[in-house]
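This is my_file.cif (mmCIF, C-alpha atoms and all ligand atoms).
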data_coords
#
loop_
_atom_site.label_atom_id
_atom_site.label_comp_id
_atom_site.auth_asym_id
_atom_site.auth_seq_id
_atom_site.Cartn_x
_atom_site.Cartn_y
_atom_site.Cartn_z
CA MET A 116 -16.62 -29.75 -4.41
CA SER A 117 -16.55 -27.39 -7.35
CA ARG A 118 -13.94 -24.63 -7.24
CA VAL A 119 -13.72 -21.74 -9.67
CA TYR A 120 -10.53 -19.92 -10.62
CA ASN A 121 -10.92 -16.74 -8.63
CA PHE A 122 -8.90 -13.78 -9.92
CA SER A 123 -10.08 -11.42 -7.18
CA ALA A 124 -7.63 -8.68 -6.14
CA GLY A 125 -8.50 -9.23 -2.49
CA PRO A 126 -9.80 -10.88 -0.46
CA ALA A 127 -8.32 -13.40 -2.82
CA VAL A 128 -7.91 -17.08 -3.60
CA MET A 129 -6.50 -19.23 -0.80
CA PRO A 130 -4.59 -22.48 -1.35
CA GLU A 131 -7.04 -25.37 -1.51
CA GLU A 132 -4.78 -27.44 0.78
CA VAL A 133 -5.02 -24.71 3.41
CA LEU A 134 -8.81 -24.62 3.21
CA ALA A 135 -8.92 -28.40 3.54
CA ARG A 136 -6.71 -28.37 6.62
CA ALA A 137 -8.73 -25.57 8.21
CA ALA A 138 -11.90 -27.57 7.52
CA ALA A 139 -10.41 -30.70 9.10
CA GLU A 140 -9.42 -28.75 12.23
CA MET A 141 -12.54 -26.59 12.32
CA SER A 142 -14.45 -28.00 15.28
CA ASP A 143 -11.64 -29.69 17.19
CA TYR A 144 -8.25 -28.02 17.00
CA LYS A 145 -5.55 -30.54 17.95
CA GLY A 146 -7.61 -32.31 20.60
CA THR A 147 -8.68 -29.14 22.42
CA GLY A 148 -12.30 -29.98 21.67
CA MET A 149 -12.93 -26.50 20.27
CA SER A 150 -12.37 -24.41 17.18
CA VAL A 151 -9.50 -21.89 17.14
CA MET A 152 -12.14 -19.16 16.84
CA GLU A 153 -13.69 -20.25 20.13
CA MET A 154 -10.55 -20.26 22.26
CA SER A 155 -9.14 -17.56 24.51
CA HIS A 156 -6.35 -15.59 22.97
CA ARG A 157 -4.53 -16.13 26.28
CA SER A 158 -4.80 -19.92 26.03
CA ALA A 159 -1.66 -21.99 25.60
CA ALA A 160 -2.96 -23.30 22.27
CA PHE A 161 -3.40 -19.81 20.84
CA GLU A 162 -0.16 -18.44 22.31
CA GLU A 163 1.54 -21.22 20.38
CA ILE A 164 -0.36 -20.35 17.17
CA ILE A 165 0.64 -16.67 17.20
CA ALA A 166 4.26 -17.36 18.21
CA ALA A 167 4.56 -19.95 15.45
CA ALA A 168 3.03 -17.61 12.85
CA GLU A 169 5.63 -14.98 13.69
CA ALA A 170 8.48 -17.50 13.65
CA LYS A 171 7.38 -18.89 10.27
CA LEU A 172 7.13 -15.41 8.76
CA ARG A 173 10.55 -14.45 10.12
CA ALA A 174 12.07 -17.61 8.67
CA LEU A 175 10.42 -17.29 5.23
CA MET A 176 11.32 -13.60 4.87
CA ARG A 177 14.71 -13.98 6.56
CA VAL A 178 13.86 -11.07 8.85
CA PRO A 179 17.15 -9.89 10.42
CA ASP A 180 17.64 -9.45 14.17
CA GLY A 181 16.68 -5.97 15.31
CA TYR A 182 13.38 -6.06 13.44
CA LYS A 183 10.01 -6.55 15.11
CA VAL A 184 7.19 -8.43 13.42
CA LEU A 185 3.73 -7.20 14.41
CA PHE A 186 0.17 -8.17 13.58
CA ILE A 187 -2.18 -5.18 13.78
CA GLN A 188 -5.87 -4.89 12.89
CA GLY A 189 -7.14 -2.15 10.60
CA GLY A 190 -5.52 -3.47 7.43
CA ALA A 191 -3.06 -1.57 5.28
CA HIS A 192 -5.18 1.59 5.57
CA LEU A 193 -4.50 1.95 9.28
CA GLN A 194 -0.80 1.62 8.46
CA PHE A 195 -1.08 4.65 6.16
CA SER A 196 -1.76 6.63 9.38
CA MET A 197 0.42 4.67 11.80
CA VAL A 198 3.54 4.88 9.64
CA ALA A 199 3.30 8.66 9.53
CA MET A 200 2.41 9.09 13.22
CA ASN A 201 5.24 6.83 14.37
CA LEU A 202 8.03 7.80 11.96
CA LEU A 203 7.57 11.46 11.04
CA GLY A 204 8.95 12.80 14.32
CA ARG A 205 12.63 12.77 13.35
CA THR A 206 12.48 15.70 10.89
CA GLY A 207 8.75 16.28 10.44
CA LYS A 208 9.20 15.67 6.70
CA ALA A 209 8.65 12.69 4.42
CA ASP A 210 8.75 11.85 0.71
CA TYR A 211 5.98 9.80 -0.87
CA ALA A 212 6.10 8.24 -4.31
CA VAL A 213 2.65 8.51 -5.88
CA THR A 214 2.37 5.61 -8.32
CA GLY A 215 -1.23 4.51 -7.97
CA GLN A 216 -4.37 4.29 -5.91
CA PHE A 217 -3.10 3.18 -2.51
CA SER A 218 0.13 5.18 -2.57
CA SER A 219 -1.98 8.25 -3.25
CA VAL A 220 -4.25 7.54 -0.28
CA ALA A 221 -1.17 6.91 1.91
CA TYR A 222 0.33 10.21 0.75
CA LYS A 223 -2.82 12.20 1.55
CA GLU A 224 -3.16 10.56 4.95
CA ALA A 225 0.46 11.29 5.90
CA GLN A 226 -0.01 14.97 5.05
CA LYS A 227 -2.15 15.28 8.18
CA PHE A 228 0.93 14.70 10.32
CA GLY A 229 3.78 16.70 8.80
CA ALA A 230 5.47 18.27 5.78
CA VAL A 231 4.86 15.46 3.36
CA ARG A 232 5.64 15.89 -0.32
CA ALA A 233 5.35 13.76 -3.43
CA CYS A 234 8.79 12.77 -4.74
CA CYS A 235 7.08 11.67 -7.96
CA ASP A 236 3.52 11.64 -9.24
CA MET A 237 2.82 9.25 -12.06
CA SER A 238 -0.84 10.23 -12.43
CA SER A 239 0.26 12.27 -15.49
CA VAL A 240 0.75 8.94 -17.32
CA ASN A 241 -2.24 7.35 -15.58
CA HIS A 242 0.12 5.18 -13.53
CA THR A 243 1.07 3.01 -16.49
CA ARG A 244 4.71 2.92 -15.47
CA ILE A 245 7.03 3.16 -12.47
CA PRO A 246 9.42 6.15 -12.41
CA GLU A 247 13.11 5.56 -12.92
CA GLN A 248 15.50 6.35 -10.10
CA GLY A 249 16.51 9.59 -11.85
CA GLU A 250 12.90 10.80 -11.92
CA LEU A 251 12.58 10.77 -8.12
CA SER A 252 13.05 14.18 -6.54
CA LEU A 253 14.21 13.17 -3.08
CA SER A 254 14.79 15.41 -0.09
CA GLY A 255 17.85 14.62 1.95
CA ASP A 256 16.15 15.54 5.23
CA ALA A 257 13.04 13.34 4.96
CA SER A 258 12.28 11.15 7.98
CA TYR A 259 11.58 8.40 5.46
CA MET A 260 10.59 7.74 1.86
CA HIS A 261 7.40 5.74 1.28
CA TYR A 262 6.49 3.77 -1.83
CA CYS A 263 4.05 1.04 -2.76
CA MET A 264 6.05 -1.84 -4.23
CA ASN A 265 3.26 -3.49 -6.22
CA ASN A 266 0.38 -1.30 -7.36
CA THR A 267 -2.60 -3.60 -7.12
CA VAL A 268 -5.05 -1.38 -9.00
CA PHE A 269 -2.87 -0.31 -11.93
CA GLY A 270 -0.87 -3.54 -12.25
CA THR A 271 2.63 -2.12 -11.86
CA LEU A 272 5.61 -3.33 -9.84
CA TRP A 273 8.74 -1.39 -8.88
CA PRO A 274 11.49 -3.30 -10.70
CA TYR A 275 14.13 -1.91 -8.32
CA ILE A 276 14.46 -0.76 -4.73
CA PRO A 277 14.86 3.04 -4.78
CA ASP A 278 18.17 4.45 -3.59
CA THR A 279 17.41 7.13 -1.02
CA GLY A 280 20.88 7.54 0.43
CA THR A 281 20.63 7.79 4.20
CA VAL A 282 16.86 8.34 4.17
CA PRO A 283 15.10 5.23 5.56
CA LEU A 284 12.79 3.34 3.22
CA VAL A 285 9.20 2.34 3.96
CA SER A 286 7.16 0.18 1.63
CA ASP A 287 3.59 -1.05 1.31
CA ILE A 288 4.03 -4.65 0.13
CA SER A 289 0.39 -5.71 0.58
CA SER A 290 0.03 -7.31 -2.83
CA CYS A 291 3.52 -8.77 -3.31
CA ILE A 292 4.65 -9.97 0.11
CA LEU A 293 6.23 -13.43 -0.15
CA SER A 294 5.68 -13.55 -3.91
CA GLU A 295 9.47 -13.46 -4.31
CA PRO A 296 12.51 -12.99 -2.06
CA LEU A 297 12.97 -9.50 -0.60
CA ASP A 298 15.98 -8.08 1.26
CA VAL A 299 14.26 -6.84 4.43
CA SER A 300 17.48 -5.19 5.63
CA ARG A 301 17.04 -2.49 2.98
CA PHE A 302 13.92 -1.19 4.77
CA ALA A 303 13.08 0.64 7.97
CA LEU A 304 9.51 -0.60 7.79
CA LEU A 305 7.43 -2.91 5.60
CA TYR A 306 3.72 -3.52 5.91
CA ALA A 307 1.11 -5.62 4.18
CA GLY A 308 -2.64 -6.09 4.50
CA ALA A 309 -3.23 -9.82 4.83
CA GLN A 310 -5.93 -10.50 2.27
CA LYS A 311 -3.82 -10.70 -0.90
CA ASN A 312 -1.01 -13.17 -0.26
CA LEU A 313 -1.20 -14.03 3.45
CA GLY A 314 -4.66 -15.11 4.52
CA PRO A 315 -8.11 -13.77 5.28
CA ALA A 316 -8.79 -10.03 5.68
CA GLY A 317 -8.54 -8.67 9.19
CA PHE A 318 -5.02 -7.55 9.96
CA ALA A 319 -1.75 -6.22 8.58
CA VAL A 320 1.76 -7.56 9.05
CA VAL A 321 4.26 -4.86 10.04
CA ILE A 322 8.00 -5.51 9.98
CA LEU A 323 9.95 -2.66 11.50
CA ARG A 324 13.34 -1.68 12.80
CA GLU A 325 12.65 -0.59 16.32
CA ASP A 326 15.40 2.05 16.31
CA MET A 327 13.66 3.85 13.42
CA LEU A 328 10.66 4.81 15.54
CA ALA A 329 10.30 8.58 15.92
CA PRO A 330 6.71 9.44 16.88
CA ILE A 331 5.24 12.87 16.17
CA SER A 332 5.03 15.08 19.24
CA ALA A 333 1.26 14.82 19.80
CA PRO A 334 0.41 11.95 22.15
CA LEU A 335 -0.51 8.95 20.04
CA PRO A 336 -3.67 7.00 20.78
CA THR A 337 -2.44 3.90 22.60
CA TYR A 338 -3.53 1.52 19.88
CA LEU A 339 -1.82 3.57 17.14
CA ASP A 340 1.56 3.53 18.84
CA TYR A 341 3.81 0.75 17.53
CA ALA A 342 5.41 0.62 20.98
CA THR A 343 2.12 -0.72 22.35
CA HIS A 344 2.13 -3.65 19.96
CA ILE A 345 5.85 -4.29 20.43
CA LYS A 346 5.48 -4.41 24.22
CA SER A 347 2.48 -6.71 24.11
CA GLY A 348 3.68 -9.07 21.40
CA SER A 349 0.73 -8.10 19.15
CA MET A 350 -1.62 -9.02 22.02
CA TYR A 351 -2.46 -5.61 23.48
CA ASN A 352 -6.10 -6.48 22.95
CA THR A 353 -7.85 -9.45 21.40
CA PRO A 354 -6.11 -10.13 18.10
CA PRO A 355 -7.96 -11.53 15.06
CA THR A 356 -7.31 -15.04 16.32
CA TYR A 357 -8.78 -17.11 13.50
CA CYS A 358 -7.11 -14.98 10.81
CA LEU A 359 -3.72 -15.45 12.48
CA TYR A 360 -4.33 -19.19 12.62
CA MET A 361 -5.07 -19.12 8.88
CA LEU A 362 -1.88 -17.10 8.31
CA GLY A 363 0.06 -19.92 9.99
CA LEU A 364 -1.49 -22.48 7.64
CA VAL A 365 -0.68 -20.35 4.57
CA LEU A 366 2.92 -19.97 5.74
CA ASP A 367 3.23 -23.76 6.22
CA TRP A 368 1.92 -24.19 2.69
CA LEU A 369 4.47 -21.69 1.38
CA ARG A 370 7.34 -23.34 3.23
CA ASP A 371 6.34 -26.80 1.96
CA ARG A 372 6.41 -25.46 -1.60
CA GLY A 373 9.89 -24.01 -1.36
CA GLY A 374 9.25 -20.52 0.04
CA PRO A 375 9.71 -17.20 -1.76
CA GLU A 376 12.40 -18.53 -4.14
CA ALA A 377 10.06 -21.21 -5.48
CA MET A 378 7.17 -18.73 -5.54
CA ARG A 379 9.20 -16.34 -7.67
CA GLU A 380 9.81 -19.05 -10.24
CA ARG A 381 6.15 -20.08 -10.28
CA ASN A 382 4.90 -16.48 -10.33
CA GLU A 383 7.23 -15.44 -13.14
CA LYS A 384 6.04 -18.36 -15.26
CA LYS A 385 2.40 -17.58 -14.54
CA ALA A 386 2.78 -13.88 -15.34
CA ALA A 387 4.83 -14.57 -18.48
CA GLU A 388 2.15 -16.90 -19.82
CA LEU A 389 -0.60 -14.33 -19.30
CA TYR A 390 1.37 -11.39 -20.71
CA ALA A 391 2.35 -13.52 -23.71
CA ALA A 392 -1.32 -14.19 -24.42
CA LEU A 393 -2.04 -10.46 -24.21
CA ASP A 394 0.98 -9.43 -26.29
CA GLY A 395 -0.08 -11.98 -28.92
CA SER A 396 -3.61 -10.65 -28.97
CA GLU A 397 -5.00 -8.25 -31.53
CA LEU A 398 -8.05 -7.51 -29.41
CA PHE A 399 -6.62 -6.97 -25.93
CA THR A 400 -3.82 -4.73 -24.71
CA CYS A 401 -2.05 -4.28 -21.41
CA PRO A 402 -1.65 -0.54 -20.78
CA VAL A 403 1.37 -1.02 -18.51
CA GLU A 404 4.89 -0.47 -19.86
CA ARG A 405 6.82 -3.73 -20.09
CA GLY A 406 9.49 -2.83 -17.55
CA SER A 407 6.87 -1.94 -14.93
CA ARG A 408 4.55 -4.91 -15.24
CA SER A 409 3.25 -6.54 -12.07
CA LYS A 410 3.61 -10.28 -11.58
CA MET A 411 0.59 -10.29 -9.27
CA ASN A 412 -2.05 -8.11 -10.93
CA VAL A 413 -2.38 -8.22 -14.71
CA VAL A 414 -4.46 -5.38 -16.12
CA PHE A 415 -5.86 -5.52 -19.67
CA THR A 416 -8.63 -4.18 -21.86
CA SER A 417 -10.11 -4.38 -25.34
CA GLY A 418 -10.63 -0.63 -25.24
CA ASN A 419 -14.37 -1.17 -25.64
CA ALA A 420 -16.55 -1.37 -22.53
CA ASP A 421 -19.15 -3.66 -24.15
CA THR A 422 -16.51 -6.11 -25.34
CA ASP A 423 -14.90 -6.09 -21.90
CA ASP A 424 -18.30 -6.79 -20.31
CA LYS A 425 -18.90 -9.66 -22.67
CA PHE A 426 -15.45 -11.08 -21.93
CA ILE A 427 -16.04 -10.89 -18.17
CA ARG A 428 -19.48 -12.54 -18.48
CA GLN A 429 -18.34 -15.36 -20.74
CA ALA A 430 -15.22 -16.00 -18.66
CA ALA A 431 -17.39 -16.34 -15.55
CA GLY A 432 -19.44 -18.92 -17.43
CA GLU A 433 -16.27 -20.98 -17.70
CA GLY A 434 -15.39 -20.67 -14.02
CA LEU A 435 -12.92 -17.80 -14.47
CA VAL A 436 -14.34 -15.25 -12.05
CA THR A 437 -13.77 -11.78 -10.54
CA LEU A 438 -11.97 -10.43 -13.59
CA ARG A 439 -13.50 -6.96 -13.61
CA GLY A 440 -10.88 -4.20 -13.29
CA HIS A 441 -10.89 -1.68 -10.48
CA ARG A 442 -13.61 0.96 -10.92
CA SER A 443 -10.96 3.65 -11.44
CA VAL A 444 -9.29 1.77 -14.33
CA GLY A 445 -12.04 -0.27 -15.98
CA GLY A 446 -11.34 -3.22 -18.26
CA MET A 447 -10.08 -6.42 -16.70
CA ARG A 448 -7.65 -7.34 -13.97
CA ALA A 449 -6.45 -10.85 -13.25
CA SER A 450 -4.87 -11.15 -9.82
CA ILE A 451 -2.60 -14.16 -9.80
CA TYR A 452 -1.23 -14.31 -6.26
CA ASN A 453 0.80 -17.20 -4.86
CA ALA A 454 -2.31 -19.31 -4.31
CA MET A 455 -3.54 -19.05 -7.92
CA PRO A 456 -2.63 -22.38 -9.52
CA ALA A 457 -0.72 -22.34 -12.82
CA GLU A 458 -3.70 -24.23 -14.30
CA GLY A 459 -5.93 -21.23 -13.57
CA VAL A 460 -3.60 -18.90 -15.45
CA SER A 461 -3.36 -21.33 -18.37
CA ALA A 462 -7.15 -21.56 -18.48
CA LEU A 463 -7.41 -17.76 -18.63
CA ALA A 464 -4.71 -17.44 -21.31
CA ASP A 465 -6.51 -20.09 -23.33
CA PHE A 466 -9.83 -18.29 -22.90
CA ILE A 467 -8.29 -15.00 -24.07
CA ARG A 468 -7.20 -16.72 -27.29
CA ARG A 469 -10.54 -18.47 -27.82
CA PHE A 470 -12.58 -15.32 -27.13
CA GLU A 471 -10.65 -13.50 -29.80
CA GLY A 472 -10.61 -16.33 -32.31
C1 LIG B 1 -5.30 -3.96 -0.85
C2 LIG B 1 -4.24 -2.98 -0.65
C3 LIG B 1 -4.31 -1.99 0.32
C4 LIG B 1 -5.52 -1.81 1.20
O1 LIG B 1 -5.62 -2.84 2.12
P1 LIG B 1 -6.71 -2.79 3.30
O2 LIG B 1 -6.29 -3.96 4.13
O3 LIG B 1 -8.04 -2.92 2.67
O4 LIG B 1 -6.55 -1.51 4.02
C5 LIG B 1 -3.25 -1.12 0.46
N1 LIG B 1 -2.17 -1.22 -0.33
C6 LIG B 1 -2.07 -2.16 -1.28
C7 LIG B 1 -0.84 -2.22 -2.13
C8 LIG B 1 -3.10 -3.07 -1.47
O5 LIG B 1 -3.00 -4.00 -2.43
#

What would you get if you wrote out this structure as C-alpha cells?
Amino acid sequence: MSRVYNFSAGPAVMPEEVLARAAAEMSDYKGTGMSVMEMSHRSAAFEEIIAAAEAKLRALMRVPDGYKVLFIQGGAHLQFSMVAMNLLGRTGKADYAVTGQFSSVAYKEAQKFGAVRACCDMSSVNHTRIPEQGELSLSGDASYMHYCMNNTVFGTLWPYIPDTGTVPLVSDISSCILSEPLDVSRFALLYAGAQKNLGPAGFAVVILREDMLAPISAPLPTYLDYATHIKSGSMYNTPPTYCLYMLGLVLDWLRDRGGPEAMRERNEKKAAELYAALDGSELFTCPVERGSRSKMNVVFTSGNADTDDKFIRQAAGEGLVTLRGHRSVGGMRASIYNAMPAEGVSALADFIRRFEG
C-alpha cells in the first residue's frame, strides 16, 4: 500500500490505523455476517455503535451533564440555519463575528431569521488576524454570539474565548474539534462538520445546552428542530450509519493516543515546525499575524502564482498532495489535522527548504 501525505482541508486524512480496522471489519462486523453499512439502523449492533460513539465523544470532550450531543446530517452548513432558527427566539437578535469564509456564510444565513448584526468584520484586513476582545462591539440583548473558532480557509484561530457577559456563546468548531482540550461549559452550543477531525463527510456533531433552546416563532420544519433530534436520540430518520461507525473508530484512536491533551502537544509541535520553516524562508510568507495563527490550517504563499503552482506540482511529485489554497485566498494551505502524522509535516517543512534552496 502506498499512502501519500494528504494536506486536504476536508474531507481530510484519516488515521491509517482506523482505515485498517474498518477494512478488517468491512464485510463481517463482529460476527454479524454483514457490513455496518448493510445493517438496519434499528438493529442491536447499530444501536450499540451510535450509543458508544456518543459516550466516547462525551468522555473525550468532558461534556457536562445538561448538554445533549446530537448527530445531524447536512454538515456544518445546515447548522448555520438550525442555530439561528432554534436560538434566535429569545430576543430576536444575535451577534456574529465575521472572521472568514464560513463565519460570513453563517452570518448571512442567520440574517434570514432575525435582527442579526456583525460584532466585528475582519474582511478589512482580509481575515489575516482575529480581533481582540476590545474590538468586538457586542450587544447586551443578543440571543447569542456566534463565532468560528478556527477559520479553515484563512488559517486563523481564536486564541481566546470571547467574553460576552451574560450573552450565550455559540461556536463553529468544525476544523478544530478535539485538536486540543476545550471547556464545553463556556458554550451554549458547539457544532462541527465531521470531515475535518472526526471522520468521513456526512453529518455534524452538535453539543447543546437544552435550556438554551428558544426557537423563532414560525413553525420549524420537523427535521430542523433540535427537539426532534433530542427526542429521537439522533435517530429521527435513518442516520448516516457508516459515517457514525467511522466516527467511533476515530474516537477510539484518539482515546488510545491520549485524547485532546496529547493531541494539543502533537499539534503544537507540528504547527511550530511548519511555521518555523515558513518564518525561516525568504521565498514564502504566511500572511496571518502570529498571535492568530491556526494550528490546523497553515496558509502560505510565495506571492507569485507561477511559483506557487510549481511548488504545488513538485510537492505532489513527492507525495505531498492537496496543498492548493482555497480559491478565495490562493497560494498554499497545508491542513494538518489530528490524523496528519508528524512525519508528513516534517516532510513538507523539508520540501519547503529544498524548493527554496
Ligand atoms: C468545512 C467547514 C464548514 C463547512 O462544512 P460542511 O460540512 O461542508 O457544511 C463550516 N465551518 C468550518 C469552520 C469548516 O471548516

Protein and nucleic acid residues within 7 Å of ligand LIG 1 (chain B) (all atoms listed in the file) as a VMD selection string: chain A and resid 125 189 to 193 217 263 265 to 267 287 to 290 308 to 311 316 318 to 319

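With distances restricted to only C-alpha atoms, A:Ser450 is the closest residue to Asn312 (chain A) from A:Ser238, A:Thr214, A:Ser158, A:Ser450.
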
Contacts of region 332-346 of chain A at 7 Å (all atoms listed in the file; same-chain gap of 3+ positions) as an MDAnalysis selection string: chainID A and resid 185 197 201 204 349:351

Can you write just those residues out, C-alpha atoms, as a CSV table (one decimal), in the coordinates of the input?
chain,number,residue,atom,x,y,z
A,185,LEU,CA,3.7,-7.2,14.4
A,197,MET,CA,0.4,4.7,11.8
A,201,ASN,CA,5.2,6.8,14.4
A,204,GLY,CA,9.0,12.8,14.3
A,349,SER,CA,0.7,-8.1,19.2
A,350,MET,CA,-1.6,-9.0,22.0
A,351,TYR,CA,-2.5,-5.6,23.5

Within 8 Å of His261 (chain A) using only C-alpha atoms, minus same-chain residues under 6 positions, as a PyMOL selection string: chain A and resi 209-212+284-287

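Distances from A:Pro375, A:Leu435, A:Arg442, A:Thr400 to Val128 (chain A) were compared using only C-alpha atoms, and the smallest one belongs to A:Leu435.
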
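Picture a line from CA of Met152 (chain A) to CA of Pro355 (chain A); it runs 8.9 Å.
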
From the structure just shown, export region 325-353 of chain A with N, CA and C atoms as a compact mmCIF listing (two decimals), in the first residue's frame.
# COMPACT_ATOMS: atom_id res chain seq x y z
N GLU A 325 -29.65 22.16 26.53
CA GLU A 325 -31.06 22.09 26.16
C GLU A 325 -31.84 23.33 26.62
N ASP A 326 -31.48 23.89 27.76
CA ASP A 326 -32.25 25.03 28.29
C ASP A 326 -31.98 26.32 27.52
N MET A 327 -31.07 26.28 26.55
CA MET A 327 -30.78 27.47 25.74
C MET A 327 -31.68 27.54 24.51
N LEU A 328 -32.43 26.49 24.26
CA LEU A 328 -33.24 26.47 23.04
C LEU A 328 -34.35 27.52 23.13
N ALA A 329 -34.48 28.32 22.07
CA ALA A 329 -35.51 29.35 22.01
C ALA A 329 -35.85 29.54 20.53
N PRO A 330 -36.69 28.63 19.99
CA PRO A 330 -36.98 28.68 18.55
C PRO A 330 -37.66 29.98 18.12
N ILE A 331 -37.45 30.37 16.89
CA ILE A 331 -38.18 31.51 16.33
C ILE A 331 -39.66 31.14 16.27
N SER A 332 -40.54 32.14 16.08
CA SER A 332 -41.96 31.83 16.24
C SER A 332 -42.55 31.02 15.08
N ALA A 333 -42.00 31.16 13.87
CA ALA A 333 -42.52 30.37 12.75
C ALA A 333 -42.34 28.88 13.06
N PRO A 334 -43.29 28.04 12.65
CA PRO A 334 -43.12 26.61 12.93
C PRO A 334 -41.90 26.07 12.17
N LEU A 335 -41.04 25.39 12.89
CA LEU A 335 -39.83 24.87 12.25
C LEU A 335 -40.17 23.58 11.51
N PRO A 336 -39.54 23.39 10.35
CA PRO A 336 -39.64 22.06 9.73
C PRO A 336 -39.17 21.02 10.74
N THR A 337 -39.84 19.91 10.81
CA THR A 337 -39.56 18.91 11.84
C THR A 337 -38.08 18.58 11.94
N TYR A 338 -37.47 18.39 10.77
CA TYR A 338 -36.07 17.94 10.78
C TYR A 338 -35.14 19.02 11.30
N LEU A 339 -35.56 20.31 11.17
CA LEU A 339 -34.67 21.42 11.53
C LEU A 339 -34.84 21.87 12.97
N ASP A 340 -35.66 21.14 13.70
CA ASP A 340 -35.92 21.45 15.10
C ASP A 340 -35.02 20.55 15.96
N TYR A 341 -34.14 21.17 16.76
CA TYR A 341 -33.26 20.33 17.59
C TYR A 341 -34.06 19.37 18.47
N ALA A 342 -35.26 19.83 18.89
CA ALA A 342 -36.07 18.98 19.78
C ALA A 342 -36.34 17.62 19.14
N THR A 343 -36.50 17.61 17.82
CA THR A 343 -36.75 16.35 17.11
C THR A 343 -35.59 15.38 17.32
N HIS A 344 -34.38 15.90 17.18
CA HIS A 344 -33.20 15.04 17.27
C HIS A 344 -32.90 14.66 18.72
N ILE A 345 -33.25 15.56 19.64
CA ILE A 345 -33.07 15.25 21.06
C ILE A 345 -34.01 14.10 21.44
N LYS A 346 -35.28 14.25 21.06
CA LYS A 346 -36.29 13.24 21.41
C LYS A 346 -35.95 11.87 20.85
N SER A 347 -35.38 11.86 19.64
CA SER A 347 -35.19 10.58 18.95
C SER A 347 -33.77 10.04 19.12
N GLY A 348 -32.96 10.70 19.92
CA GLY A 348 -31.59 10.21 20.09
C GLY A 348 -30.83 10.18 18.77
N SER A 349 -30.97 11.24 17.98
CA SER A 349 -30.31 11.34 16.66
C SER A 349 -30.74 10.23 15.70
N MET A 350 -31.95 9.65 15.96
CA MET A 350 -32.44 8.58 15.08
C MET A 350 -33.87 8.87 14.63
N TYR A 351 -34.15 10.15 14.37
CA TYR A 351 -35.48 10.51 13.86
C TYR A 351 -35.72 9.82 12.53
N ASN A 352 -34.71 9.87 11.68
CA ASN A 352 -34.78 9.09 10.43
C ASN A 352 -33.47 8.31 10.33
N THR A 353 -33.23 7.71 9.20
CA THR A 353 -32.03 6.89 9.05
C THR A 353 -30.78 7.76 9.17
